Structures are given as structure tokens and as C-alpha cells.
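Working notes, beginning with the structure itself.
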Amino acid sequence: MLKSKIMEITQEKIDSLLVNEVEIMKKIADELQIRTQQVSAVISLVNEGCTLPFIARYRKEKHDNLNEVQISSCDHLFKTYKNLEERRLEIVRGIFAQGKLNSTLFDAVMNAKTLAELEDLWSPFKKKKKTRGMVAIEKGLEPLADEMTELSDEQIEKKAQSFLKSDENPDLAVLSVKDALNGAMDILAERTSQNTENRARVHELYVSSGEIKTKGIVAEGQTEEEARKLSKYQMYWDYSEPLCEIKPHRILAISRAEREGALSVSIDVPVDEAVEILKKKTCRPPLCAKFVATKKTTRILTELGFFRKI
């Protein structure tokens with residue numbers, strides 16, 4: 001939905017990129033099988049401060065008799081798509097400002113379909129606090145990380161010995177083979193977590209196989225039976241549903257209940273299966289069996305942020 005016909009990526013072209021709200025409304029109209037004018041009418045009324053029930057009941061002549069579900073969908077989708085396009089602009093401009101925007105990356109950002117895809121593309125470029133992988137690189141362990149995916153167990157341990165060193169700065173010292181191997185694995189973990197293909201594979205797995213689970217929260221002084229009976233979120237009190245099947249309106253209701261402190265929400269995903277996918281892509285046997293099949297691989301998944309970004 002961005003106006004872009006870019007042959008050469010220049011500052012002028014970057015500055016000319018705009019969010020096209022009309023195109024967003026056309027897309028919503030196609031999805032909901034209504035007219036663009038109806039979508040536009042709903043958005044205009046929302047911008048005027050009208051509530052969705054008010055629009056549904058008292059402004060039928062404006063939107064031509066859309067029902068409340070259609071009106072809610074117009075509002076939700078418009079905000080979602082506009083937020084996506086605004087974030088796309090921010091990322092394009094941010095990468096361009098760093099002098100790292102090439103045509104391939106530009107096309108990838110412009111064609112990303114979701115916020116998750118956009119954030120994955122932005123991840124290598126955003127400013128970060130110093131990580132364990134960065135510290136390991138400062139210690140000079142990157143060459144060891146490069147070779148960990150190629151050498152046998154014995155060769156790796158022998159190679160690690162050549163990286164042992166003391167230093168005036170104790171933070172940069174590598175005092176044991178274990179320290180060297182752990183540092184190299186930290187580097188590999190961050191490389192794996194920043195790889196957009198890895199993130200997409202794990203995200204796809206989690207969405208297709210994961211479940212969302214909710215549990216009602218009992219306020220102090222109440223019994224669980226009382227709290228459940230009084231809750232306006234009774235259907236979600238002890239609830240689970242596959243992520244690939246849950247409807248948008250249920251996600252909105254669950255999110256609202258969580259914000260209100262009425263529900264606790266968790267995402268149950270197949271971490272072990274994701275670990276196996278990453279191991280197959282990251283390393284070659286027999287390395288995986290000894291060094292990468294550790295809690296570090298699970299930490300990669302935690303760093304990816306998939307547990308609450310689905």
C-alpha cells in the first residue's frame with residue numbers, strides 16, 4: 001500500500017514514500033466483500049470519535065447498513081494495515097539512514113506481508129545492547145564459530161585450545177576450552193536467531209502446531225466458582241485453541257481480557273521440533289550431538305521472541 005516506483009534508491013525517493021490509505025480501504029473492501037465507500041464511511045466515523053455500536057445503530061445511512069461485525073472488522077483491519085505500512089516506512093528509512101539499503105533488501109521490506117516479517121528484516125540493523133555473541137567476537141572467537149559447523153568434535157576441542165589467552169581486560173580473556181566453545185556457540189546462536197529464513201521456518205511451525213491457552217484469574221477474596229460466574233470472559237476461563245484455527249475476534253477478546261487482568265494467556269509451541277529444525281540447518285554431524293544440542297538452542301528460540309509474537 002505504499003506508493004513506490006523506485007528505480008534508484010535515493011533520499012528523494014525514500015522521502016516520497018507515503019502510506020496510501022485509499023489502497024488500504026480497497027484491500028479491506030475486497031477482503032470483506034463490501035464497497036470501498038462503506039469502508040471509508042466507517043473509518044471517517046471512527047475518526048470523528050464515534051463508537052462502533054453507535055455507528056452500527058445510528059449511522060446506517062452513512063455505511064449502507066453494515067452490521068456490527070463488519071464495522072468492527074473495517075476498524076480493526078484499517079488500524080492493522082495502516083500500522084503495518086507505517087512500520088514499513090520506518091524500517092526502510094532506518095536502514096537507508098545507515099547506508100545499508102540495497103535493492104534486494106528494499107524489495108524484501110516492501111513485499112513483507114506481516115509485522116513479524118518486517119521486524120525480522122529490521123533485526124540485524126537495530127541498535128542493540130552488547131550481547132554475549134558481541135562479547136565473544138571481541139574476544140576473537142568468531143573464527144572458531146566459523147569452523148564449528150565443519151569440524152569434528154575432537155578437531156573443535158583441539159582448535160579451541162589455540163584461542164586461549166589472558167588479557168589485561170579480564171572481560172576479554174579466554175581461560176579455558178569450555179569458555180572458548182561457549183563463546184563460539186553464543187556467536188552461532190545469534191547468527192541463527194538473526195537469520196530471516198530460520199525465523200520464518202520457526203514462525204510457520206509455531207503457527208501451524210502451537211496452541212493458545214487461557215485461564216481465568218481469581219481476584220483476592222473470591223472463590224474460583226464465583227470469579228468464573230461473574231466473569232464476562234466465561235468462555236475463555238479454561239480455554240485452548242490451535243493458533244492456526246483461532247479467529248481474529250477471539251484474539252481481540254483474549255487480548256482485551258489479558259489487558260484487563262481477567263485472563264492469563266500462554267502460547268504452547270513445539271520447542272523441541274523447532275530446535276531440530278535449527279540444528280539441521282545450522283550444523284553438520286557429529287557437531288550437533290555434542291555442542292549445539294544444548295540449552296543454548298532453546299535460548300535461540302527465546303531470543304527470537306516467537307512465544308508472544310505469533
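Ordered as shown in the C-alpha cells, chains take letters A, B, and onward, while each chain numbers its residues from 1 and ligands are numbered from 1 in the order shown.
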Sel. of helix (DSSP H, G or I) residues, range 196-280 of chain A, as an MDAnalysis selection string: chainID A and resid 196:209 224:230 234:236 248:259 271:280
Could you save those same residues with N, CA and C atoms as a short mmCIF file (atom, residue, chain, number, x, y, z; two decimals), in the first residue's frame?
```cif
data_model
loop_
_atom_site.label_atom_id
_atom_site.label_comp_id
_atom_site.auth_asym_id
_atom_site.auth_seq_id
_atom_site.Cartn_x
_atom_site.Cartn_y
_atom_site.Cartn_z
N THR A 196 16.72 -14.57 8.73
CA THR A 196 15.29 -14.39 8.45
C THR A 196 14.62 -15.70 8.01
N GLU A 197 15.37 -16.54 7.31
CA GLU A 197 14.78 -17.83 6.88
C GLU A 197 14.51 -18.72 8.09
N ASN A 198 15.45 -18.74 9.04
CA ASN A 198 15.23 -19.52 10.26
C ASN A 198 14.01 -19.02 11.01
N ARG A 199 13.92 -17.72 11.15
CA ARG A 199 12.80 -17.13 11.89
C ARG A 199 11.47 -17.46 11.20
N ALA A 200 11.47 -17.41 9.88
CA ALA A 200 10.24 -17.72 9.14
C ALA A 200 9.84 -19.18 9.31
N ARG A 201 10.84 -20.09 9.29
CA ARG A 201 10.55 -21.51 9.44
C ARG A 201 9.96 -21.81 10.82
N VAL A 202 10.58 -21.24 11.85
CA VAL A 202 10.10 -21.49 13.21
C VAL A 202 8.73 -20.84 13.41
N HIS A 203 8.57 -19.64 12.89
CA HIS A 203 7.28 -18.96 13.00
C HIS A 203 6.18 -19.79 12.34
N GLU A 204 6.46 -20.32 11.16
CA GLU A 204 5.49 -21.15 10.44
C GLU A 204 5.14 -22.40 11.26
N LEU A 205 6.16 -23.01 11.85
CA LEU A 205 5.94 -24.20 12.68
C LEU A 205 5.06 -23.87 13.88
N TYR A 206 5.38 -22.77 14.55
CA TYR A 206 4.62 -22.41 15.75
C TYR A 206 3.17 -22.10 15.42
N VAL A 207 2.93 -21.38 14.33
CA VAL A 207 1.57 -21.04 13.96
C VAL A 207 0.78 -22.30 13.56
N SER A 208 1.43 -23.22 12.87
CA SER A 208 0.73 -24.42 12.40
C SER A 208 0.53 -25.45 13.50
N SER A 209 1.41 -25.47 14.51
CA SER A 209 1.36 -26.52 15.52
C SER A 209 1.09 -26.03 16.94
N GLU A 224 -12.93 -19.55 43.00
CA GLU A 224 -12.85 -19.71 41.55
C GLU A 224 -14.24 -19.80 40.94
N GLU A 225 -15.14 -20.47 41.62
CA GLU A 225 -16.50 -20.61 41.10
C GLU A 225 -17.19 -19.26 40.99
N GLU A 226 -17.00 -18.41 42.02
CA GLU A 226 -17.61 -17.08 42.00
C GLU A 226 -17.01 -16.22 40.89
N ALA A 227 -15.67 -16.27 40.78
CA ALA A 227 -14.99 -15.46 39.77
C ALA A 227 -15.41 -15.87 38.37
N ARG A 228 -15.53 -17.17 38.16
CA ARG A 228 -15.92 -17.64 36.83
C ARG A 228 -17.35 -17.22 36.50
N LYS A 229 -18.24 -17.32 37.47
CA LYS A 229 -19.64 -16.99 37.24
C LYS A 229 -19.82 -15.51 36.91
N LEU A 230 -19.00 -14.65 37.55
CA LEU A 230 -19.13 -13.21 37.35
C LEU A 230 -18.34 -12.69 36.15
N GLN A 234 -16.30 -15.80 30.39
CA GLN A 234 -16.50 -17.17 30.85
C GLN A 234 -16.04 -18.21 29.83
N MET A 235 -16.29 -17.94 28.55
CA MET A 235 -15.93 -18.95 27.54
C MET A 235 -14.41 -19.16 27.43
N TYR A 236 -13.65 -18.18 27.93
CA TYR A 236 -12.19 -18.30 27.87
C TYR A 236 -11.59 -18.66 29.23
N PRO A 248 -9.93 -13.96 14.35
CA PRO A 248 -9.46 -12.64 14.81
C PRO A 248 -10.26 -12.07 15.96
N HIS A 249 -11.60 -12.26 15.97
CA HIS A 249 -12.40 -11.66 17.03
C HIS A 249 -12.10 -12.31 18.38
N ARG A 250 -11.69 -13.60 18.36
CA ARG A 250 -11.34 -14.25 19.62
C ARG A 250 -9.97 -13.75 20.11
N ILE A 251 -9.06 -13.50 19.19
CA ILE A 251 -7.77 -12.94 19.57
C ILE A 251 -7.96 -11.57 20.22
N LEU A 252 -8.84 -10.76 19.63
CA LEU A 252 -9.11 -9.44 20.19
C LEU A 252 -9.71 -9.54 21.59
N ALA A 253 -10.66 -10.47 21.77
CA ALA A 253 -11.29 -10.64 23.08
C ALA A 253 -10.29 -11.12 24.13
N ILE A 254 -9.44 -12.06 23.74
CA ILE A 254 -8.44 -12.59 24.68
C ILE A 254 -7.42 -11.51 25.04
N SER A 255 -7.01 -10.73 24.06
CA SER A 255 -6.06 -9.65 24.32
C SER A 255 -6.65 -8.61 25.26
N ARG A 256 -7.92 -8.29 25.04
CA ARG A 256 -8.59 -7.33 25.90
C ARG A 256 -8.70 -7.86 27.33
N ALA A 257 -9.05 -9.14 27.46
CA ALA A 257 -9.18 -9.75 28.79
C ALA A 257 -7.83 -9.79 29.51
N GLU A 258 -6.77 -10.04 28.76
CA GLU A 258 -5.44 -10.05 29.38
C GLU A 258 -5.06 -8.66 29.87
N ARG A 259 -5.34 -7.63 29.06
CA ARG A 259 -5.04 -6.27 29.47
C ARG A 259 -5.82 -5.87 30.72
N VAL A 271 8.73 -26.59 21.00
CA VAL A 271 10.11 -26.09 21.04
C VAL A 271 11.10 -27.15 20.55
N ASP A 272 10.93 -28.39 20.99
CA ASP A 272 11.89 -29.43 20.61
C ASP A 272 11.94 -29.63 19.10
N GLU A 273 10.79 -29.56 18.46
CA GLU A 273 10.75 -29.70 17.00
C GLU A 273 11.44 -28.53 16.32
N ALA A 274 11.25 -27.34 16.86
CA ALA A 274 11.93 -26.16 16.32
C ALA A 274 13.44 -26.27 16.48
N VAL A 275 13.86 -26.79 17.63
CA VAL A 275 15.30 -26.98 17.88
C VAL A 275 15.89 -27.91 16.82
N GLU A 276 15.17 -28.98 16.50
CA GLU A 276 15.67 -29.92 15.50
C GLU A 276 15.79 -29.26 14.13
N ILE A 277 14.84 -28.42 13.79
CA ILE A 277 14.90 -27.71 12.50
C ILE A 277 16.15 -26.84 12.45
N LEU A 278 16.40 -26.10 13.52
CA LEU A 278 17.54 -25.20 13.55
C LEU A 278 18.86 -25.97 13.55
N LYS A 279 18.90 -27.09 14.26
CA LYS A 279 20.12 -27.90 14.29
C LYS A 279 20.48 -28.42 12.90
N LYS A 280 19.46 -28.88 12.16
CA LYS A 280 19.72 -29.40 10.83
C LYS A 280 20.23 -28.32 9.89
#
```
Do you have, as a Markdown table, the list of residues of range 187-255 of chain A lying at most 12 Å from range 133-156 of chain A, each with its nearest atom pair and that distance in Å to one decimal, counting only C-alpha atoms and ordered by chain then number?
```
| residue | atom | partner | partner_atom | distance |
| --- | --- | --- | --- | --- |
| A:Ile187 | CA | A:Gly133 | CA | 4.3 |
| A:Leu188 | CA | A:Ala145 | CA | 6.3 |
| A:Ala189 | CA | A:Gly133 | CA | 7.7 |
| A:Glu190 | CA | A:Gly133 | CA | 6.3 |
| A:Arg191 | CA | A:Gly133 | CA | 8.8 |
| A:Thr192 | CA | A:Gly133 | CA | 11.3 |
| A:Ser193 | CA | A:Gly133 | CA | 11.2 |
| A:Gln194 | CA | A:Gly133 | CA | 11.8 |
```
I need the chosen residues saved as a PDB file, in the first residue's frame, with N, CA and C atoms.
```pdb
ATOM      1  N   ILE A 187      28.048 -16.944  19.485  1.00  0.00           N
ATOM      2  CA  ILE A 187      28.086 -16.303  18.163  1.00  0.00           C
ATOM      3  C   ILE A 187      27.150 -17.026  17.205  1.00  0.00           C
ATOM      4  N   LEU A 188      27.217 -18.365  17.192  1.00  0.00           N
ATOM      5  CA  LEU A 188      26.346 -19.138  16.317  1.00  0.00           C
ATOM      6  C   LEU A 188      24.875 -18.950  16.672  1.00  0.00           C
ATOM      7  N   ALA A 189      24.594 -18.852  17.982  1.00  0.00           N
ATOM      8  CA  ALA A 189      23.215 -18.662  18.417  1.00  0.00           C
ATOM      9  C   ALA A 189      22.650 -17.358  17.861  1.00  0.00           C
ATOM     10  N   GLU A 190      23.441 -16.307  17.916  1.00  0.00           N
ATOM     11  CA  GLU A 190      22.952 -15.018  17.416  1.00  0.00           C
ATOM     12  C   GLU A 190      22.833 -15.010  15.898  1.00  0.00           C
ATOM     13  N   ARG A 191      23.758 -15.678  15.230  1.00  0.00           N
ATOM     14  CA  ARG A 191      23.632 -15.774  13.774  1.00  0.00           C
ATOM     15  C   ARG A 191      22.337 -16.499  13.408  1.00  0.00           C
ATOM     16  N   THR A 192      22.068 -17.567  14.129  1.00  0.00           N
ATOM     17  CA  THR A 192      20.870 -18.355  13.857  1.00  0.00           C
ATOM     18  C   THR A 192      19.615 -17.544  14.120  1.00  0.00           C
ATOM     19  N   SER A 193      19.622 -16.788  15.227  1.00  0.00           N
ATOM     20  CA  SER A 193      18.427 -16.027  15.606  1.00  0.00           C
ATOM     21  C   SER A 193      18.178 -14.853  14.668  1.00  0.00           C
ATOM     22  N   GLN A 194      19.223 -14.368  14.000  1.00  0.00           N
ATOM     23  CA  GLN A 194      19.065 -13.213  13.106  1.00  0.00           C
ATOM     24  C   GLN A 194      18.786 -13.607  11.666  1.00  0.00           C
TER      25      GLN A 194
END
```
Nearby residues (only C-alpha atoms) at most 8 Å from Leu118 in chain A, same-chain spacing under 6 positions excluded, as a list in words: Arg87, Arg88, Ile91, Val109 and Ala112 of chain A
Selection file, all heavy atoms, as a short mmCIF file (atom, residue, chain, number, x, y, z; two decimals), in the first residue's frame:
```cif
data_model
loop_
_atom_site.label_atom_id
_atom_site.label_comp_id
_atom_site.auth_asym_id
_atom_site.auth_seq_id
_atom_site.Cartn_x
_atom_site.Cartn_y
_atom_site.Cartn_z
N ARG A 87 5.05 1.13 9.80
CA ARG A 87 6.27 0.46 10.27
C ARG A 87 7.19 0.13 9.10
O ARG A 87 8.42 0.23 9.23
CB ARG A 87 5.90 -0.82 11.02
CG ARG A 87 7.08 -1.54 11.65
CD ARG A 87 7.78 -0.66 12.64
NE ARG A 87 8.91 -1.34 13.26
CZ ARG A 87 10.03 -0.75 13.63
NH1 ARG A 87 10.17 0.57 13.47
NH2 ARG A 87 10.99 -1.42 14.19
N ARG A 88 6.61 -0.21 7.96
CA ARG A 88 7.42 -0.48 6.77
C ARG A 88 8.24 0.77 6.39
O ARG A 88 9.42 0.67 6.08
CB ARG A 88 6.49 -0.87 5.61
CG ARG A 88 7.23 -1.45 4.41
CD ARG A 88 6.30 -1.59 3.21
NE ARG A 88 5.04 -2.24 3.48
CZ ARG A 88 4.86 -3.55 3.55
NH1 ARG A 88 5.88 -4.37 3.37
NH2 ARG A 88 3.65 -4.05 3.78
N ILE A 91 11.14 1.34 8.82
CA ILE A 91 12.25 0.40 8.63
C ILE A 91 13.04 0.75 7.38
O ILE A 91 14.28 0.75 7.40
CB ILE A 91 11.71 -1.04 8.58
CG1 ILE A 91 11.24 -1.45 9.98
CG2 ILE A 91 12.76 -2.01 8.05
CD1 ILE A 91 10.55 -2.78 10.05
N VAL A 109 11.72 -5.71 2.14
CA VAL A 109 10.95 -4.91 3.09
C VAL A 109 9.61 -4.51 2.47
O VAL A 109 8.56 -4.59 3.12
CB VAL A 109 11.74 -3.67 3.54
CG1 VAL A 109 10.86 -2.75 4.40
CG2 VAL A 109 12.99 -4.07 4.31
N ALA A 112 7.15 -7.52 2.38
CA ALA A 112 6.82 -8.24 3.62
C ALA A 112 5.32 -8.12 3.90
O ALA A 112 4.74 -7.05 3.77
CB ALA A 112 7.63 -7.68 4.78
#
```
Please indicate the distance in Å from CA of Asn47 in chain A to CA of Thr114 in chain A, rounded to one decimal place.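 Separating CA of Asn47 in chain A from CA of Thr114 in chain A is a distance of 24.4 Å.
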Identify, on the basis of only C-alpha atoms, every residue whose closest approach to Ile9 in chain A does not exceed 9 Å; exclude the query and any residue fewer than 2 positions from it along the same chain; express the result as a list in words.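 Residues meeting the cut-off are Ile6, Met7, Gln11, Glu12, Lys13, Ile14, Phe96, Leu101, Asn102, Ser103 and Phe106 of chain A.
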Could you write those residues out with all heavy atoms, as a short mmCIF file (atom, residue, chain, number, x, y, z; two decimals), in the first residue's frame?
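Result went into result08.cif, see below:
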```cif
data_model
loop_
_atom_site.label_atom_id
_atom_site.label_comp_id
_atom_site.auth_asym_id
_atom_site.auth_seq_id
_atom_site.Cartn_x
_atom_site.Cartn_y
_atom_site.Cartn_z
N ILE A 6 10.38 2.72 -7.60
CA ILE A 6 11.75 3.12 -7.37
C ILE A 6 12.71 2.38 -8.29
O ILE A 6 12.78 1.16 -8.28
CB ILE A 6 12.15 2.88 -5.90
CG1 ILE A 6 11.35 3.83 -5.03
CG2 ILE A 6 13.62 3.03 -5.67
CD1 ILE A 6 11.71 3.81 -3.57
N MET A 7 13.41 3.12 -9.10
CA MET A 7 14.46 2.55 -9.94
C MET A 7 15.80 2.70 -9.23
O MET A 7 16.64 1.82 -9.27
CB MET A 7 14.49 3.26 -11.29
CG MET A 7 13.17 3.20 -12.06
SD MET A 7 12.68 1.51 -12.44
CE MET A 7 13.96 1.07 -13.61
N GLN A 11 17.65 9.50 -1.47
CA GLN A 11 16.97 10.15 -0.35
C GLN A 11 15.64 10.74 -0.81
O GLN A 11 14.63 10.66 -0.10
CB GLN A 11 17.86 11.26 0.21
CG GLN A 11 17.27 11.97 1.42
CD GLN A 11 17.15 11.06 2.62
OE1 GLN A 11 18.15 10.54 3.11
NE2 GLN A 11 15.94 10.85 3.12
N GLU A 12 15.63 11.29 -1.99
CA GLU A 12 14.40 11.88 -2.52
C GLU A 12 13.31 10.82 -2.67
O GLU A 12 12.14 11.05 -2.33
CB GLU A 12 14.67 12.53 -3.88
CG GLU A 12 13.46 13.22 -4.48
CD GLU A 12 13.76 13.86 -5.82
OE1 GLU A 12 14.92 13.74 -6.28
OE2 GLU A 12 12.83 14.46 -6.39
N LYS A 13 13.69 9.65 -3.17
CA LYS A 13 12.72 8.58 -3.34
C LYS A 13 12.23 8.06 -1.99
O LYS A 13 11.04 7.79 -1.81
CB LYS A 13 13.35 7.43 -4.14
CG LYS A 13 13.66 7.78 -5.59
CD LYS A 13 12.39 8.06 -6.36
CE LYS A 13 12.69 8.31 -7.84
NZ LYS A 13 11.45 8.62 -8.60
N ILE A 14 13.14 7.91 -1.04
CA ILE A 14 12.75 7.45 0.29
C ILE A 14 11.77 8.43 0.91
O ILE A 14 10.75 8.04 1.50
CB ILE A 14 13.98 7.28 1.19
CG1 ILE A 14 14.89 6.14 0.68
CG2 ILE A 14 13.58 7.02 2.63
CD1 ILE A 14 14.25 4.78 0.73
N PHE A 96 18.05 2.80 5.31
CA PHE A 96 18.65 3.75 4.37
C PHE A 96 19.57 4.72 5.10
O PHE A 96 20.66 5.05 4.61
CB PHE A 96 17.54 4.51 3.64
CG PHE A 96 18.06 5.49 2.62
CD1 PHE A 96 18.43 5.06 1.35
CD2 PHE A 96 18.19 6.83 2.92
CE1 PHE A 96 18.93 5.96 0.41
CE2 PHE A 96 18.68 7.74 1.99
CZ PHE A 96 19.05 7.30 0.73
N LEU A 101 20.93 0.05 2.69
CA LEU A 101 19.74 -0.35 1.93
C LEU A 101 20.10 -0.60 0.48
O LEU A 101 20.35 0.33 -0.29
CB LEU A 101 18.67 0.74 2.03
CG LEU A 101 17.32 0.39 1.38
CD1 LEU A 101 16.66 -0.79 2.09
CD2 LEU A 101 16.38 1.60 1.41
N ASN A 102 20.14 -1.88 0.09
CA ASN A 102 20.34 -2.22 -1.32
C ASN A 102 19.00 -2.62 -1.93
O ASN A 102 17.98 -2.71 -1.23
CB ASN A 102 21.37 -3.35 -1.48
CG ASN A 102 21.00 -4.60 -0.68
OD1 ASN A 102 19.82 -4.98 -0.62
ND2 ASN A 102 21.98 -5.23 -0.06
N SER A 103 18.98 -2.85 -3.22
CA SER A 103 17.71 -3.12 -3.91
C SER A 103 17.06 -4.42 -3.44
O SER A 103 15.83 -4.50 -3.33
CB SER A 103 17.94 -3.15 -5.42
OG SER A 103 18.90 -4.15 -5.76
N PHE A 106 15.57 -3.72 -0.05
CA PHE A 106 14.43 -2.82 -0.24
C PHE A 106 13.20 -3.60 -0.71
O PHE A 106 12.09 -3.44 -0.17
CB PHE A 106 14.78 -1.74 -1.26
CG PHE A 106 13.65 -0.80 -1.58
CD1 PHE A 106 13.37 0.27 -0.74
CD2 PHE A 106 12.85 -1.01 -2.69
CE1 PHE A 106 12.31 1.12 -1.02
CE2 PHE A 106 11.80 -0.16 -2.99
CZ PHE A 106 11.53 0.91 -2.15
#
```
d(CA of Gln70 in chain A, CA of Leu115 in chain A) in Å: 23.3 Å
Which value, in Å to one decimal, gives the distance between CA of Glu68 in chain A and CA of Glu245 in chain A? 22.3 Å
Going by DSSP on the backbone, which bits of range 24-231 of chain A are strand (DSSP E)? Write them as a list in words, please.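 Going through range 24-231 of chain A, the strand (DSSP E) residues come out as Glu211, Ile212, Lys213, Thr214, Lys215 and Gly216 of chain A.
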I'd like to know which of A:Arg93, A:Lys281, A:Lys129, A:Lys165 is closest to Asn195 in chain A, using only C-alpha atoms. A:Lys281
Excluding same-chain residues fewer than 2 positions from Lys178 in chain A, what lies within 10 Å of it counting only C-alpha atoms, as a list in words? Glu157, Ala160, Gln161, Leu164, Val174, Leu175, Ser176, Ala180, Leu181, Asn182, Gly183 and Ala184 of chain A
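Within 9 Å of range 15-29 of chain A there are Met1, Leu2, Lys3, Ser4, Thr10, Gln11, Glu12, Leu32, Gln33, Ile34, Arg35, Thr36, Gln37, Gln38, Val39, Ser40, Ile43, Ser73, Cys74, Leu77, Phe78, Tyr81, Lys82, Glu85, Glu86, Leu89 and Arg93 of chain A, counting only C-alpha atoms and ignoring same-chain residues fewer than 3 positions away.
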Dump of N, CA and C atoms for the selected residues, as a short mmCIF file (atom, residue, chain, number, x, y, z; two decimals), in the first residue's frame:
```
data_model
loop_
_atom_site.label_atom_id
_atom_site.label_comp_id
_atom_site.auth_asym_id
_atom_site.auth_seq_id
_atom_site.Cartn_x
_atom_site.Cartn_y
_atom_site.Cartn_z
N MET A 1 0.81 -1.21 0.00
CA MET A 1 0.00 0.00 0.00
C MET A 1 0.85 1.26 0.00
N LEU A 2 2.11 1.11 -0.27
CA LEU A 2 2.97 2.27 -0.32
C LEU A 2 3.15 2.70 -1.76
N LYS A 3 3.10 3.98 -2.01
CA LYS A 3 3.34 4.49 -3.36
C LYS A 3 4.83 4.42 -3.64
N SER A 4 5.25 3.50 -4.50
CA SER A 4 6.68 3.37 -4.75
C SER A 4 6.93 2.82 -6.14
N THR A 10 17.24 6.62 -3.66
CA THR A 10 17.85 7.89 -3.27
C THR A 10 17.08 8.48 -2.09
N GLN A 11 17.65 9.50 -1.47
CA GLN A 11 16.97 10.15 -0.35
C GLN A 11 15.64 10.74 -0.81
N GLU A 12 15.63 11.29 -1.99
CA GLU A 12 14.40 11.88 -2.52
C GLU A 12 13.31 10.82 -2.67
N LEU A 32 -13.59 -8.13 2.79
CA LEU A 32 -14.89 -8.24 3.43
C LEU A 32 -16.04 -8.33 2.43
N GLN A 33 -15.70 -8.20 1.15
CA GLN A 33 -16.69 -8.25 0.07
C GLN A 33 -17.77 -7.17 0.25
N ILE A 34 -17.28 -5.97 0.51
CA ILE A 34 -18.16 -4.80 0.59
C ILE A 34 -17.55 -3.72 -0.31
N ARG A 35 -18.18 -2.53 -0.36
CA ARG A 35 -17.67 -1.47 -1.21
C ARG A 35 -16.65 -0.62 -0.48
N THR A 36 -15.72 -0.05 -1.23
CA THR A 36 -14.71 0.81 -0.65
C THR A 36 -15.34 1.99 0.07
N GLN A 37 -16.44 2.53 -0.50
CA GLN A 37 -17.12 3.67 0.11
C GLN A 37 -17.64 3.33 1.51
N GLN A 38 -18.06 2.09 1.69
CA GLN A 38 -18.56 1.67 3.00
C GLN A 38 -17.42 1.65 4.03
N VAL A 39 -16.28 1.13 3.61
CA VAL A 39 -15.12 1.12 4.49
C VAL A 39 -14.73 2.55 4.85
N SER A 40 -14.69 3.41 3.84
CA SER A 40 -14.31 4.80 4.06
C SER A 40 -15.26 5.49 5.04
N ILE A 43 -14.44 4.36 8.62
CA ILE A 43 -13.19 4.95 9.12
C ILE A 43 -13.39 6.43 9.44
N SER A 73 -14.69 -5.14 11.90
CA SER A 73 -13.62 -5.65 11.02
C SER A 73 -12.98 -4.52 10.23
N CYS A 74 -13.79 -3.60 9.72
CA CYS A 74 -13.26 -2.43 9.00
C CYS A 74 -12.30 -1.65 9.88
N LEU A 77 -9.08 -3.92 10.78
CA LEU A 77 -8.18 -4.14 9.63
C LEU A 77 -7.51 -2.84 9.19
N PHE A 78 -8.24 -1.75 9.23
CA PHE A 78 -7.63 -0.48 8.83
C PHE A 78 -6.47 -0.12 9.76
N TYR A 81 -3.52 -2.66 9.07
CA TYR A 81 -2.79 -2.44 7.81
C TYR A 81 -2.06 -1.10 7.80
N LYS A 82 -2.68 -0.09 8.40
CA LYS A 82 -2.01 1.21 8.45
C LYS A 82 -0.76 1.13 9.33
N GLU A 85 1.99 -0.54 7.33
CA GLU A 85 2.62 0.32 6.33
C GLU A 85 3.48 1.41 6.97
N GLU A 86 3.02 1.95 8.10
CA GLU A 86 3.83 2.96 8.79
C GLU A 86 5.13 2.35 9.29
N LEU A 89 7.58 1.92 6.44
CA LEU A 89 8.27 3.18 6.13
C LEU A 89 9.40 3.44 7.11
N ARG A 93 13.38 3.66 6.00
CA ARG A 93 14.14 4.89 6.27
C ARG A 93 15.29 4.63 7.25
#
```
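The environment of Val265 in chain A within 10 Å, counting only C-alpha atoms and disregarding residues fewer than 2 places along the same chain, consists of Ile212, Lys213, Thr214, Lys215, Gly216, Tyr236, Tyr239, Ser240, Ile254, Ser255, Ala257, Glu258, Ala262, Leu263, Ile267, Asp268 and Arg308 of chain A.
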